[in-house]
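*Asks:* Just input_24.txt, nothing more (compact mmCIF, N, CA and C atoms):
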# COMPACT_ATOMS: atom_id res chain seq x y z
N MET A 1 -17.50 -130.53 155.81
CA MET A 1 -17.72 -129.43 154.91
C MET A 1 -18.81 -129.76 153.90
N LYS A 2 -18.79 -130.99 153.39
CA LYS A 2 -19.80 -131.41 152.43
C LYS A 2 -21.19 -131.34 153.06
N ARG A 3 -21.29 -131.77 154.30
CA ARG A 3 -22.58 -131.74 155.00
C ARG A 3 -23.08 -130.31 155.15
N LEU A 4 -22.17 -129.38 155.47
CA LEU A 4 -22.54 -127.98 155.60
C LEU A 4 -23.05 -127.44 154.26
N SER A 5 -22.37 -127.80 153.18
CA SER A 5 -22.80 -127.37 151.85
C SER A 5 -24.20 -127.87 151.54
N MET A 6 -24.47 -129.14 151.88
CA MET A 6 -25.79 -129.71 151.63
C MET A 6 -26.86 -128.99 152.45
N LEU A 7 -26.54 -128.67 153.69
CA LEU A 7 -27.49 -127.95 154.53
C LEU A 7 -27.78 -126.57 153.96
N LEU A 8 -26.73 -125.89 153.50
CA LEU A 8 -26.92 -124.56 152.94
C LEU A 8 -27.74 -124.62 151.66
N ALA A 9 -27.44 -125.60 150.80
CA ALA A 9 -28.21 -125.75 149.56
C ALA A 9 -29.66 -126.06 149.87
N GLY A 10 -29.88 -126.97 150.81
CA GLY A 10 -31.24 -127.33 151.20
C GLY A 10 -31.99 -126.15 151.78
N SER A 11 -31.30 -125.34 152.58
CA SER A 11 -31.93 -124.15 153.16
C SER A 11 -32.32 -123.16 152.09
N ALA A 12 -31.40 -122.92 151.15
CA ALA A 12 -31.69 -121.98 150.07
C ALA A 12 -32.87 -122.47 149.23
N LEU A 13 -32.89 -123.74 148.91
CA LEU A 13 -33.98 -124.29 148.12
C LEU A 13 -35.28 -124.29 148.91
N ALA A 14 -35.21 -124.56 150.19
CA ALA A 14 -36.42 -124.54 151.02
C ALA A 14 -36.99 -123.13 151.11
N MET A 15 -36.11 -122.13 151.25
CA MET A 15 -36.58 -120.75 151.29
C MET A 15 -37.23 -120.39 149.97
N SER A 16 -36.65 -120.86 148.88
CA SER A 16 -37.23 -120.60 147.57
C SER A 16 -38.61 -121.23 147.44
N ALA A 17 -38.78 -122.41 148.04
CA ALA A 17 -40.05 -123.11 147.95
C ALA A 17 -41.18 -122.31 148.58
N SER A 18 -40.85 -121.48 149.57
CA SER A 18 -41.88 -120.69 150.23
C SER A 18 -42.02 -119.31 149.59
N ALA A 19 -41.39 -119.09 148.46
CA ALA A 19 -41.46 -117.81 147.78
C ALA A 19 -42.90 -117.50 147.39
N VAL A 20 -43.19 -116.23 147.28
CA VAL A 20 -44.54 -115.80 146.99
C VAL A 20 -44.76 -115.59 145.49
N ASP A 21 -43.72 -115.26 144.77
CA ASP A 21 -43.85 -114.81 143.40
C ASP A 21 -43.46 -115.89 142.40
N TRP A 22 -44.26 -116.95 142.30
CA TRP A 22 -44.01 -118.04 141.36
C TRP A 22 -44.73 -117.74 140.04
N LEU A 23 -44.08 -118.06 138.93
CA LEU A 23 -44.66 -117.93 137.61
C LEU A 23 -44.72 -119.31 136.98
N ASP A 24 -45.93 -119.74 136.57
CA ASP A 24 -46.05 -121.00 135.84
C ASP A 24 -45.32 -120.85 134.52
N ALA A 25 -44.30 -121.68 134.32
CA ALA A 25 -43.43 -121.50 133.16
C ALA A 25 -43.75 -122.45 132.02
N SER A 26 -43.94 -123.74 132.35
CA SER A 26 -44.09 -124.72 131.28
C SER A 26 -44.71 -126.00 131.80
N GLU A 27 -45.29 -126.76 130.90
CA GLU A 27 -45.80 -128.08 131.23
C GLU A 27 -45.33 -129.05 130.15
N SER A 28 -44.86 -130.20 130.58
CA SER A 28 -44.37 -131.20 129.63
C SER A 28 -45.52 -132.05 129.13
N GLU A 29 -45.25 -132.84 128.08
CA GLU A 29 -46.26 -133.73 127.53
C GLU A 29 -46.67 -134.80 128.54
N SER A 30 -45.78 -135.12 129.49
CA SER A 30 -46.07 -136.15 130.50
C SER A 30 -46.85 -135.59 131.69
N GLY A 31 -47.16 -134.29 131.65
CA GLY A 31 -47.96 -133.69 132.71
C GLY A 31 -47.17 -133.01 133.81
N SER A 32 -45.85 -133.06 133.75
CA SER A 32 -45.03 -132.34 134.73
C SER A 32 -45.18 -130.85 134.50
N SER A 33 -45.21 -130.09 135.58
CA SER A 33 -45.31 -128.64 135.45
C SER A 33 -44.13 -127.99 136.15
N PHE A 34 -43.71 -126.85 135.62
CA PHE A 34 -42.54 -126.16 136.13
C PHE A 34 -42.86 -124.69 136.34
N SER A 35 -42.38 -124.17 137.48
CA SER A 35 -42.61 -122.77 137.83
C SER A 35 -41.29 -122.11 138.16
N LEU A 36 -41.22 -120.80 137.91
CA LEU A 36 -40.04 -120.01 138.23
C LEU A 36 -40.31 -119.18 139.48
N ASP A 37 -39.32 -119.08 140.35
CA ASP A 37 -39.39 -118.17 141.49
C ASP A 37 -38.84 -116.83 141.00
N LEU A 38 -39.72 -115.91 140.65
CA LEU A 38 -39.30 -114.63 140.09
C LEU A 38 -38.40 -113.84 141.04
N ASP A 39 -38.63 -113.99 142.35
CA ASP A 39 -37.81 -113.27 143.32
C ASP A 39 -36.37 -113.77 143.35
N SER A 40 -36.13 -114.97 142.85
CA SER A 40 -34.79 -115.55 142.91
C SER A 40 -33.93 -115.21 141.69
N ILE A 41 -34.53 -114.64 140.65
CA ILE A 41 -33.80 -114.38 139.42
C ILE A 41 -32.84 -113.21 139.64
N GLU A 42 -31.55 -113.53 139.46
CA GLU A 42 -30.53 -112.49 139.66
C GLU A 42 -29.27 -112.85 138.90
N SER A 43 -28.45 -111.84 138.71
CA SER A 43 -27.16 -112.05 138.07
C SER A 43 -26.30 -112.92 138.98
N SER A 44 -25.55 -113.83 138.37
CA SER A 44 -24.68 -114.71 139.14
C SER A 44 -23.25 -114.22 139.00
N ASP A 45 -22.50 -114.36 140.08
CA ASP A 45 -21.09 -113.96 140.04
C ASP A 45 -20.19 -115.11 139.59
N ILE A 46 -20.77 -116.19 139.15
CA ILE A 46 -20.00 -117.35 138.70
C ILE A 46 -19.16 -116.97 137.49
N LYS A 47 -17.97 -117.48 137.46
CA LYS A 47 -17.10 -117.29 136.29
C LYS A 47 -16.90 -118.64 135.62
N VAL A 48 -17.10 -118.67 134.34
CA VAL A 48 -16.93 -119.89 133.57
C VAL A 48 -15.57 -119.80 132.88
N LEU A 49 -14.75 -120.80 133.11
CA LEU A 49 -13.35 -120.78 132.72
C LEU A 49 -13.11 -120.34 131.28
N ASP A 50 -13.85 -120.86 130.34
CA ASP A 50 -13.62 -120.53 128.94
C ASP A 50 -14.60 -119.48 128.40
N ASP A 51 -15.26 -118.75 129.32
CA ASP A 51 -16.21 -117.71 128.93
C ASP A 51 -16.23 -116.62 130.01
N TYR A 52 -15.07 -115.97 130.22
CA TYR A 52 -14.95 -114.98 131.28
C TYR A 52 -15.88 -113.79 131.12
N LYS A 53 -16.22 -113.46 129.90
CA LYS A 53 -17.08 -112.29 129.68
C LYS A 53 -18.56 -112.66 129.65
N GLY A 54 -18.86 -113.94 129.79
CA GLY A 54 -20.24 -114.40 129.76
C GLY A 54 -21.03 -113.91 130.96
N LYS A 55 -22.29 -113.70 130.75
CA LYS A 55 -23.21 -113.29 131.84
C LYS A 55 -24.09 -114.48 132.17
N TYR A 56 -24.22 -114.77 133.44
CA TYR A 56 -25.02 -115.91 133.88
C TYR A 56 -26.05 -115.45 134.91
N ILE A 57 -27.21 -116.09 134.86
CA ILE A 57 -28.32 -115.76 135.74
C ILE A 57 -28.62 -116.98 136.61
N SER A 58 -28.95 -116.72 137.85
CA SER A 58 -29.35 -117.78 138.78
C SER A 58 -30.87 -117.73 138.95
N VAL A 59 -31.50 -118.91 139.02
CA VAL A 59 -32.95 -118.97 139.22
C VAL A 59 -33.29 -120.26 139.97
N PHE A 60 -34.32 -120.20 140.79
CA PHE A 60 -34.87 -121.39 141.42
C PHE A 60 -36.12 -121.78 140.65
N ILE A 61 -36.24 -123.08 140.37
CA ILE A 61 -37.45 -123.57 139.71
C ILE A 61 -38.06 -124.68 140.57
N ASN A 62 -39.34 -124.87 140.37
CA ASN A 62 -40.07 -125.94 141.06
C ASN A 62 -40.69 -126.82 139.98
N GLY A 63 -40.47 -128.13 140.11
CA GLY A 63 -41.09 -129.09 139.20
C GLY A 63 -42.07 -129.96 139.97
N THR A 64 -43.24 -130.20 139.41
CA THR A 64 -44.26 -131.04 140.03
C THR A 64 -44.55 -132.19 139.08
N TYR A 65 -44.58 -133.43 139.63
CA TYR A 65 -44.69 -134.62 138.80
C TYR A 65 -45.95 -135.41 139.17
N PRO A 66 -46.85 -135.64 138.20
CA PRO A 66 -48.07 -136.40 138.48
C PRO A 66 -47.75 -137.88 138.73
N ALA A 67 -48.71 -138.59 139.29
CA ALA A 67 -48.52 -139.99 139.70
C ALA A 67 -48.04 -140.89 138.56
N ALA A 68 -48.52 -140.69 137.36
CA ALA A 68 -48.15 -141.56 136.25
C ALA A 68 -46.83 -141.17 135.59
N ASN A 69 -46.20 -140.12 136.07
CA ASN A 69 -44.97 -139.61 135.46
C ASN A 69 -43.79 -140.56 135.69
N LYS A 70 -42.99 -140.77 134.65
CA LYS A 70 -41.84 -141.67 134.71
C LYS A 70 -40.82 -141.22 135.78
N TYR A 71 -40.57 -139.92 135.85
CA TYR A 71 -39.60 -139.41 136.83
C TYR A 71 -40.07 -139.70 138.26
N ARG A 72 -41.36 -139.49 138.49
CA ARG A 72 -41.90 -139.76 139.83
C ARG A 72 -41.80 -141.24 140.17
N LYS A 73 -42.10 -142.10 139.19
CA LYS A 73 -42.03 -143.53 139.44
C LYS A 73 -40.60 -143.98 139.72
N GLU A 74 -39.63 -143.43 138.98
CA GLU A 74 -38.23 -143.85 139.14
C GLU A 74 -37.58 -143.27 140.40
N HIS A 75 -37.94 -142.04 140.76
CA HIS A 75 -37.26 -141.35 141.86
C HIS A 75 -38.12 -141.14 143.10
N GLY A 76 -39.40 -141.40 142.99
CA GLY A 76 -40.30 -141.21 144.13
C GLY A 76 -40.59 -139.75 144.44
N ALA A 77 -40.20 -138.85 143.55
CA ALA A 77 -40.35 -137.42 143.80
C ALA A 77 -41.73 -136.93 143.36
N TYR A 78 -42.45 -136.35 144.30
CA TYR A 78 -43.72 -135.71 143.98
C TYR A 78 -43.43 -134.34 143.36
N TYR A 79 -42.40 -133.67 143.89
CA TYR A 79 -41.97 -132.39 143.33
C TYR A 79 -40.51 -132.17 143.72
N ASP A 80 -39.90 -131.18 143.07
CA ASP A 80 -38.53 -130.84 143.42
C ASP A 80 -38.32 -129.35 143.28
N ASN A 81 -37.25 -128.90 143.90
CA ASN A 81 -36.78 -127.52 143.75
C ASN A 81 -35.35 -127.61 143.24
N GLN A 82 -35.04 -126.77 142.27
CA GLN A 82 -33.72 -126.79 141.67
C GLN A 82 -33.18 -125.37 141.57
N GLN A 83 -31.87 -125.24 141.65
CA GLN A 83 -31.22 -123.98 141.35
C GLN A 83 -30.46 -124.17 140.04
N LEU A 84 -30.73 -123.30 139.08
CA LEU A 84 -30.06 -123.36 137.79
C LEU A 84 -29.23 -122.11 137.56
N LEU A 85 -28.11 -122.29 136.87
CA LEU A 85 -27.35 -121.17 136.31
C LEU A 85 -27.67 -121.17 134.83
N ILE A 86 -28.02 -120.02 134.30
CA ILE A 86 -28.49 -119.92 132.92
C ILE A 86 -27.61 -118.98 132.11
N SER A 87 -27.32 -119.39 130.89
CA SER A 87 -26.68 -118.52 129.91
C SER A 87 -27.75 -118.14 128.89
N CYS A 88 -28.16 -116.88 128.90
CA CYS A 88 -29.16 -116.43 127.92
C CYS A 88 -28.56 -116.43 126.52
N LYS A 89 -27.28 -116.13 126.42
CA LYS A 89 -26.60 -116.07 125.13
C LYS A 89 -26.65 -117.41 124.40
N ASN A 90 -26.44 -118.50 125.14
CA ASN A 90 -26.38 -119.83 124.52
C ASN A 90 -27.63 -120.67 124.74
N ALA A 91 -28.62 -120.14 125.44
CA ALA A 91 -29.82 -120.90 125.80
C ALA A 91 -29.43 -122.23 126.44
N SER A 92 -28.55 -122.13 127.45
CA SER A 92 -28.06 -123.32 128.14
C SER A 92 -28.18 -123.13 129.64
N TYR A 93 -28.08 -124.26 130.37
CA TYR A 93 -28.18 -124.18 131.83
C TYR A 93 -27.27 -125.21 132.49
N TYR A 94 -26.97 -124.94 133.74
CA TYR A 94 -26.21 -125.85 134.59
C TYR A 94 -26.99 -126.02 135.88
N ARG A 95 -27.29 -127.25 136.24
CA ARG A 95 -28.03 -127.50 137.48
C ARG A 95 -27.03 -127.44 138.64
N ARG A 96 -27.23 -126.47 139.52
CA ARG A 96 -26.30 -126.25 140.63
C ARG A 96 -26.68 -127.05 141.87
N ALA A 97 -27.98 -127.25 142.07
CA ALA A 97 -28.45 -127.99 143.26
C ALA A 97 -29.90 -128.39 143.05
N TYR A 98 -30.32 -129.44 143.79
CA TYR A 98 -31.74 -129.80 143.79
C TYR A 98 -32.09 -130.53 145.07
N VAL A 99 -33.38 -130.50 145.39
CA VAL A 99 -33.95 -131.28 146.48
C VAL A 99 -35.22 -131.93 145.94
N ASN A 100 -35.32 -133.26 146.05
CA ASN A 100 -36.53 -133.99 145.67
C ASN A 100 -37.37 -134.21 146.92
N TYR A 101 -38.67 -134.04 146.78
CA TYR A 101 -39.60 -134.22 147.90
C TYR A 101 -40.58 -135.33 147.57
N GLY A 102 -40.88 -136.15 148.57
CA GLY A 102 -41.86 -137.21 148.43
C GLY A 102 -43.15 -136.85 149.15
N PRO A 103 -43.89 -137.86 149.62
CA PRO A 103 -45.15 -137.60 150.33
C PRO A 103 -44.91 -136.75 151.58
N ASN A 104 -45.90 -135.98 151.94
CA ASN A 104 -45.87 -135.14 153.14
C ASN A 104 -44.71 -134.15 153.15
N ASN A 105 -44.31 -133.68 151.98
CA ASN A 105 -43.24 -132.68 151.83
C ASN A 105 -41.92 -133.11 152.45
N LYS A 106 -41.68 -134.40 152.50
CA LYS A 106 -40.44 -134.92 153.09
C LYS A 106 -39.34 -134.94 152.03
N ALA A 107 -38.20 -134.31 152.36
CA ALA A 107 -37.05 -134.33 151.44
C ALA A 107 -36.52 -135.77 151.37
N ILE A 108 -36.43 -136.30 150.15
CA ILE A 108 -35.97 -137.69 150.00
C ILE A 108 -34.60 -137.77 149.34
N LYS A 109 -34.18 -136.70 148.67
CA LYS A 109 -32.85 -136.70 148.08
C LYS A 109 -32.45 -135.26 147.80
N SER A 110 -31.17 -134.97 148.02
CA SER A 110 -30.67 -133.64 147.69
C SER A 110 -29.27 -133.77 147.11
N TRP A 111 -28.88 -132.77 146.37
CA TRP A 111 -27.58 -132.76 145.73
C TRP A 111 -27.16 -131.33 145.48
N GLN A 112 -25.87 -131.07 145.62
CA GLN A 112 -25.31 -129.78 145.29
C GLN A 112 -24.01 -130.00 144.55
N SER A 113 -23.79 -129.26 143.50
CA SER A 113 -22.56 -129.38 142.74
C SER A 113 -21.37 -129.01 143.61
N GLU A 114 -20.33 -129.79 143.49
CA GLU A 114 -19.10 -129.49 144.21
C GLU A 114 -18.03 -128.95 143.27
N LYS A 115 -18.41 -128.65 142.04
CA LYS A 115 -17.45 -128.14 141.07
C LYS A 115 -17.08 -126.70 141.42
N PRO A 116 -15.79 -126.45 141.71
CA PRO A 116 -15.39 -125.08 142.02
C PRO A 116 -15.23 -124.22 140.77
N ILE A 117 -14.98 -124.86 139.64
CA ILE A 117 -14.78 -124.15 138.38
C ILE A 117 -15.63 -124.82 137.31
N LEU A 118 -16.34 -124.00 136.55
CA LEU A 118 -17.17 -124.51 135.46
C LEU A 118 -16.57 -124.13 134.11
N THR A 119 -16.88 -124.92 133.10
CA THR A 119 -16.55 -124.58 131.72
C THR A 119 -17.86 -124.59 130.94
N SER A 120 -17.82 -124.06 129.73
CA SER A 120 -19.05 -124.00 128.94
C SER A 120 -19.58 -125.40 128.62
N THR A 121 -18.73 -126.42 128.65
CA THR A 121 -19.20 -127.78 128.38
C THR A 121 -20.02 -128.35 129.53
N ASP A 122 -19.97 -127.71 130.71
CA ASP A 122 -20.79 -128.15 131.84
C ASP A 122 -22.25 -127.76 131.66
N PHE A 123 -22.51 -126.82 130.76
CA PHE A 123 -23.85 -126.33 130.53
C PHE A 123 -24.55 -127.16 129.48
N LYS A 124 -25.82 -127.45 129.74
CA LYS A 124 -26.62 -128.25 128.81
C LYS A 124 -27.36 -127.32 127.85
N LEU A 125 -27.10 -127.50 126.56
CA LEU A 125 -27.80 -126.72 125.54
C LEU A 125 -29.25 -127.20 125.44
N THR A 126 -30.15 -126.28 125.23
CA THR A 126 -31.56 -126.64 125.08
C THR A 126 -31.98 -126.53 123.62
N SER A 127 -32.98 -127.28 123.27
CA SER A 127 -33.54 -127.24 121.92
C SER A 127 -34.79 -126.37 121.92
N PRO A 128 -35.09 -125.76 120.77
CA PRO A 128 -36.31 -124.95 120.68
C PRO A 128 -37.55 -125.79 121.01
N LYS A 129 -38.54 -125.13 121.56
CA LYS A 129 -39.85 -125.72 121.86
C LYS A 129 -39.76 -126.87 122.86
N THR A 130 -38.83 -126.77 123.82
CA THR A 130 -38.74 -127.75 124.90
C THR A 130 -38.99 -127.04 126.22
N VAL A 131 -39.24 -127.81 127.26
CA VAL A 131 -39.46 -127.24 128.60
C VAL A 131 -38.22 -126.45 129.02
N GLY A 132 -37.05 -127.02 128.81
CA GLY A 132 -35.81 -126.33 129.20
C GLY A 132 -35.65 -124.99 128.52
N ARG A 133 -35.91 -124.94 127.21
CA ARG A 133 -35.77 -123.69 126.47
C ARG A 133 -36.80 -122.67 126.95
N THR A 134 -38.02 -123.13 127.21
CA THR A 134 -39.06 -122.22 127.69
C THR A 134 -38.67 -121.60 129.03
N ILE A 135 -38.13 -122.41 129.92
CA ILE A 135 -37.70 -121.90 131.23
C ILE A 135 -36.60 -120.86 131.04
N ILE A 136 -35.64 -121.15 130.18
CA ILE A 136 -34.55 -120.20 129.93
C ILE A 136 -35.09 -118.90 129.33
N GLU A 137 -35.94 -119.00 128.33
CA GLU A 137 -36.47 -117.81 127.68
C GLU A 137 -37.26 -116.94 128.66
N GLN A 138 -38.08 -117.57 129.49
CA GLN A 138 -38.88 -116.80 130.45
C GLN A 138 -37.99 -116.17 131.52
N THR A 139 -36.97 -116.90 131.98
CA THR A 139 -36.05 -116.36 132.97
C THR A 139 -35.30 -115.16 132.40
N CYS A 140 -34.76 -115.31 131.21
CA CYS A 140 -33.99 -114.24 130.58
C CYS A 140 -34.87 -113.01 130.30
N SER A 141 -36.08 -113.25 129.83
CA SER A 141 -37.00 -112.16 129.55
C SER A 141 -37.33 -111.39 130.83
N TYR A 142 -37.63 -112.09 131.90
CA TYR A 142 -37.94 -111.44 133.18
C TYR A 142 -36.73 -110.66 133.68
N TYR A 143 -35.55 -111.27 133.60
CA TYR A 143 -34.33 -110.61 134.07
C TYR A 143 -34.09 -109.29 133.31
N LYS A 144 -34.29 -109.30 131.99
CA LYS A 144 -34.09 -108.10 131.19
C LYS A 144 -35.10 -107.01 131.56
N GLN A 145 -36.32 -107.41 131.91
CA GLN A 145 -37.36 -106.44 132.28
C GLN A 145 -37.04 -105.72 133.59
N VAL A 146 -36.52 -106.45 134.56
CA VAL A 146 -36.30 -105.86 135.88
C VAL A 146 -34.87 -105.35 136.08
N LYS A 147 -34.02 -105.62 135.14
CA LYS A 147 -32.61 -105.20 135.22
C LYS A 147 -32.42 -103.72 135.25
For this file, write the structure as structure tokens.
*Replies:*
Amino acid sequence: MKRLSMLLAGSALAMSASAVDWLDASESESGSSFSLDLDSIESSDIKVLDDYKGKYISVFINGTYPAANKYRKEHGAYYDNQQLLISCKNASYYRRAYVNYGPNNKAIKSWQSEKPILTSTDFKLTSPKTVGRTIIEQTCSYYKQVK
């Protein structure tokens, strides 16, 4: 079952990687760049145990890491695709899945959350003027426009 979940997560992330409607969202001080797949932004049916009335958005993002980047050196990832669940109300996110890619677009690591139930403490709060906050703000703004 775990293997099937990984295949499904990888397939979803791979499909997102070939999306046509990417928006450059943010660049870090270390040169990493992040893009949003606008076609993937949608309301999530996830229920958070201690926030039943909360609204959550799902989005796929792509991160690209230059050669001198610490993340690339530690993980060997040239780029990655991630699925995030976002709370616009709290400017927080939960990473649901990711795939790291190395040279020649080869998947070198993947992960998918196996948590069947989430709580608000599973979500990472973002600080103003950070890459994470910028991604959340742009995702929420786009979602409100097309809603």
*Asks:* Could you pull out the strand (DSSP E or B) residues of chain A from DSSP and send them as a PyMOL selection string?
*Replies:* chain A and resi 22-27+33-37+42-44+48+51+56-64+79-87+92-101+107-112+118+124-125
*Asks:* Sorted by chain and rising residue number, which residues of range 86-125 of chain A lie within 7 Å of range 67-80 of chain A, and what are their closest atom pairs and distances in Å to one decimal, counting all atoms listed in the file, as CSV?
*Replies:*
residue,atom,partner,partner_atom,distance
A:Tyr98,C,A:Asp80,C,6.6
A:Val99,C,A:Asp80,CA,4.3
A:Asn100,CA,A:Asp80,CA,4.4
A:Tyr101,C,A:Tyr78,N,3.9
A:Gly102,CA,A:Tyr78,N,4.3
A:Pro103,N,A:Tyr78,N,5.7
*Asks:* Name the closest residue to Lys124 in chain A among the candidates A:Tyr143, A:Asn90, A:Ala97, A:Asn105; distances are taken between atoms, counting only N, CA and C atoms.
*Replies:*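 The closest residue to Lys124 in chain A is A:Asn90.
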*Asks:* Tell me which protein, DNA and RNA residues are within 6 Å of Ser120 in chain A, counting only N, CA and C atoms, leaving out same-chain ones fewer than 5 positions away, and put them as a VMD selection string.
*Replies:* chain A and resid 48 to 51
*Asks:* Any chance you could list, as a VMD selection string, the residues in chain A that come up helix (DSSP H, G or I) when DSSP is run on the backbone?
*Replies:* chain A and resid 2 to 17 38 to 40 70 to 75 103 to 105 120 to 122 131 to 146
*Asks:* I'd like the interatomic distance between atom C of Lys89 in chain A and atom N of Thr126 in chain A, to a tenth of an Å.
*Replies:*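 Interatomic distance here is 9.6 Å.
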*Asks:* To one decimal place in Å, what is the distance between CA of Ile86 in chain A and CA of Ile136 in chain A?
*Replies:*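 Those two atoms sit 6.8 Å apart.
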*Asks:* If we count only C-alpha atoms and set the cut-off at 12 Å, which residues sit around Arg95 in chain A, ignoring sequence neighbours fewer than 5 positions away in its own chain? Please answer as an MDAnalysis selection string.
*Replies:* chainID A and resid 57:61 81:87 111:115 118 122:125 132
*Asks:* Report the distance between CA of Thr139 in chain A and CA of Ile41 in chain A in Å, rounded to one decimal place.
*Replies:*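 Spanning CA of Thr139 in chain A to CA of Ile41 in chain A is a straight-line distance of 7.1 Å.
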*Asks:* Would you please work out which residue, of A:Thr134, A:Ser141, A:Asn62, A:Ser30, is nearest to Cys88 in chain A when using all atoms listed in the file?
*Replies:*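 Closest candidate: A:Ser141.
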*Asks:* Which residue, A:Phe34, A:Glu27, A:Pro116, A:Trp22, has the smallest gap to Gly63 in chain A when you use all atoms listed in the file?
*Replies:*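 Looking at the shortest contact to Gly63 in chain A, the residue is A:Phe34.
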*Asks:* Counting all atoms listed in the file, which residue out of A:Leu23, A:Thr121, A:Gly31, A:Tyr56 sits closest to Ser43 in chain A?
*Replies:*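 Residue with the minimum atom-to-atom distance to Ser43 in chain A: A:Tyr56.
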*Asks:* Determine the axis-aligned bounding box of all atoms of range 83-88 of chain A present in the file, pad each side by 4 Å, and express its centre and edge lengths in Å to one decimal place as AutoDock Vina command-line options.
*Replies:*
--center_x -29.3 --center_y -120.8 --center_z 134.1 --size_x 13.2 --size_y 16.8 --size_z 23.1
*Asks:* Give the answer as one residue: which of A:Ser32, A:Ser44, A:Lys53, A:Ala91 has the shortest atom-to-atom distance to Ile135 in chain A, using only C-alpha atoms?
*Replies:*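 When distances to Ile135 in chain A are compared using only C-alpha atoms, the smallest one comes from A:Ala91.
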